[in-house]
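Q: Below: one structure in structure tokens.
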Amino acid sequence: MSLLSVEGLTARYGSSQALFGVDLTIATGEVTALMGRNGMGKTTTVKAICRLIRSAGRLTLDGADLHCLPSHKVARMGVGLVPEGRRCFADLTVRENLIAAARPGEWTLKSVAQLFPALAERMAQRAASLSGGEQQMLAIGRALMTNPRLLILDEATEGLAPIVRQEIWAAVRRLKEETGVAILLIDKSVKELAQVSDKAVILARGKTVWSGPMTDLTPEISERYVGV
């Protein structure tokens, strides 16, 4: 059975419908790329999964219906979100950000510092004083400290310097190789997604238009639905 199962997902912002039928599944330990051009419903899908907006359709985590749960209970069930734009607690220190939502498990201050050594040197610094790349590492570390079963990364490398982007991708590869956490990735780099993802789900106009193993994603399909 899939860890996350989404079938026929629909969602609205007021009177405006944003999702018209999203289907995707993610198994434990699997990395899935959620792809599509800007405005096609990727972040809205993430918000629906995390119960940040109301939605309809089938939405389950390990067989449990998520529709009846508030967002904080979905997080406690094991969904860790790294939101677009990082959203660290600016006035808290790195350490305080990391422990703010920590739950027992293998991810601790020590293990996060091992994944991102730059954070180990800045535990007493305020998040506002960090570079953009360090704030992104902090956002990922904060999500990992909840010890999730499903980690969602929404545009985790957007706007970062190339060297920092490579650090983030290296961390994703380590998570895939060394842990059993399932990962849902949103990113604009098809090349990087192809190197770490087991499968892809492509959205267009708020619905799933293609899904399958990443190895089956041809340049023609990518150009049709993802290319600029």
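Residue numbering restarts at 1 for every chain of the structure tokens, chains are lettered A, B, ... in their displayed order, and ligands are numbered from 1 as they appear.
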Please tabulate, as a tab-separated table, the residues of stretch 112-192 of chain A that come within 10 Å of stretch 44-52 of chain A, each with its closest pair of atoms and the distance in Å to one decimal, counting only C-alpha atoms and ordering rows by chain, then residue number upward.

A:
```
residue	atom	partner	partner_atom	distance
A:Ile152	CA	A:Val46	CA	7.7
A:Leu153	CA	A:Val46	CA	9.3
A:Asp154	CA	A:Val46	CA	8.0
A:Leu184	CA	A:Val46	CA	9.0
A:Ile186	CA	A:Val46	CA	9.4
```

Q: Pull N, CA and C atoms from the residues just selected and write them as a PDB file, in the first residue's frame.

A:
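Here's the written file again-v6.pdb:
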```pdb
ATOM      1  N   ILE A 152       8.191  16.938   2.093  1.00  0.00           N
ATOM      2  CA  ILE A 152       7.793  17.687   0.899  1.00  0.00           C
ATOM      3  C   ILE A 152       8.694  18.903   0.757  1.00  0.00           C
ATOM      4  N   LEU A 153       9.359  19.013  -0.380  1.00  0.00           N
ATOM      5  CA  LEU A 153      10.257  20.129  -0.651  1.00  0.00           C
ATOM      6  C   LEU A 153       9.689  20.932  -1.821  1.00  0.00           C
ATOM      7  N   ASP A 154       9.195  22.132  -1.525  1.00  0.00           N
ATOM      8  CA  ASP A 154       8.577  22.983  -2.538  1.00  0.00           C
ATOM      9  C   ASP A 154       9.581  24.047  -2.986  1.00  0.00           C
ATOM     10  N   LEU A 184       8.569  14.132  -1.708  1.00  0.00           N
ATOM     11  CA  LEU A 184       7.861  14.754  -2.822  1.00  0.00           C
ATOM     12  C   LEU A 184       8.599  16.039  -3.158  1.00  0.00           C
ATOM     13  N   ILE A 186       9.342  19.414  -5.638  1.00  0.00           N
ATOM     14  CA  ILE A 186       8.964  20.372  -6.672  1.00  0.00           C
ATOM     15  C   ILE A 186      10.196  21.204  -6.982  1.00  0.00           C
TER      16      ILE A 186
END
```

Q: Using the chain letters and numbers from this document, which residues of chain A does DSSP assign to strand (DSSP E or B), as an MDAnalysis selection string?

A: chainID A and resid 4:13 16:26 31:35 55:61 64:65 79:82 93 126 150:154 182:186 199:204 207:213

Q: Using only C-alpha atoms, which residues sit within 12 Å of A:Ala139 once same-chain residues fewer than 2 positions away are excluded, as an MDAnalysis selection string?

A: chainID A and resid 80:90 94:95 97:101 112 116 119 127 130 132:137 141:146 151:157 168

Q: Need the shell around stretch 215-217 of chain A: protein/DNA/RNA residues with any atom at most 12 Å away, counting only C-alpha atoms. Skip same-chain ones fewer than 5 positions apart. Format as a ChimeraX atom specification?

A: /A:33,35,190-191,193-202,210,222-226

Q: Any chance you can output those residues with N, CA and C atoms as a tab-separated table (two decimals), in the first residue's frame?

A:
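Result file is again-v4.tsv:
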```tsv
chain	number	residue	atom	x	y	z
A	33	ALA	N	8.88	13.32	-8.19
A	33	ALA	CA	8.96	14.70	-8.66
A	33	ALA	C	7.57	15.15	-9.11
A	35	MET	N	5.85	17.87	-11.17
A	35	MET	CA	6.35	18.77	-12.20
A	35	MET	C	5.22	19.48	-12.93
A	190	VAL	N	14.78	20.01	-14.39
A	190	VAL	CA	14.44	18.65	-14.82
A	190	VAL	C	15.67	17.76	-14.71
A	191	LYS	N	16.84	18.30	-15.04
A	191	LYS	CA	18.07	17.51	-14.99
A	191	LYS	C	18.34	16.99	-13.58
A	193	LEU	N	16.16	16.82	-11.05
A	193	LEU	CA	15.07	15.94	-10.63
A	193	LEU	C	15.26	14.53	-11.17
A	194	ALA	N	15.72	14.44	-12.42
A	194	ALA	CA	15.91	13.13	-13.05
A	194	ALA	C	16.97	12.31	-12.35
A	195	GLN	N	17.93	12.97	-11.72
A	195	GLN	CA	19.02	12.26	-11.07
A	195	GLN	C	18.65	11.68	-9.71
A	196	VAL	N	17.60	12.21	-9.09
A	196	VAL	CA	17.26	11.76	-7.73
A	196	VAL	C	15.88	11.11	-7.63
A	197	SER	N	15.02	11.32	-8.62
A	197	SER	CA	13.62	10.89	-8.50
A	197	SER	C	13.40	9.50	-9.08
A	198	ASP	N	12.54	8.74	-8.42
A	198	ASP	CA	12.14	7.43	-8.92
A	198	ASP	C	11.05	7.56	-9.97
A	199	LYS	N	10.16	8.52	-9.78
A	199	LYS	CA	9.08	8.70	-10.74
A	199	LYS	C	8.67	10.16	-10.78
A	200	ALA	N	7.85	10.50	-11.77
A	200	ALA	CA	7.39	11.87	-11.93
A	200	ALA	C	5.87	11.89	-12.10
A	201	VAL	N	5.28	12.98	-11.63
A	201	VAL	CA	3.87	13.27	-11.85
A	201	VAL	C	3.83	14.69	-12.41
A	202	ILE	N	3.19	14.85	-13.57
A	202	ILE	CA	3.14	16.16	-14.22
A	202	ILE	C	1.73	16.71	-14.17
A	210	TRP	N	0.31	13.34	-16.80
A	210	TRP	CA	1.27	12.26	-17.06
A	210	TRP	C	1.87	11.82	-15.74
A	222	SER	N	8.59	16.09	-21.62
A	222	SER	CA	9.09	17.19	-20.80
A	222	SER	C	8.89	18.53	-21.48
A	223	GLU	N	9.19	18.60	-22.78
A	223	GLU	CA	9.03	19.85	-23.52
A	223	GLU	C	7.57	20.24	-23.61
A	224	ARG	N	6.70	19.26	-23.77
A	224	ARG	CA	5.27	19.56	-23.93
A	224	ARG	C	4.65	20.11	-22.66
A	225	TYR	N	5.02	19.57	-21.52
A	225	TYR	CA	4.34	19.95	-20.28
A	225	TYR	C	5.17	20.77	-19.30
A	226	VAL	N	6.50	20.74	-19.44
A	226	VAL	CA	7.35	21.39	-18.44
A	226	VAL	C	8.17	22.52	-19.03
```

Q: Provide the atom CA of A:Ser129 to atom CA of A:Val164 distance in Å, to one decimal place.

A: 16.8 Å

Q: Smallest atom-to-atom distance to A:Leu203: which of A:Ile221, A:Val79, A:Val172, A:Leu150, using only C-alpha atoms?

A: A:Ile221
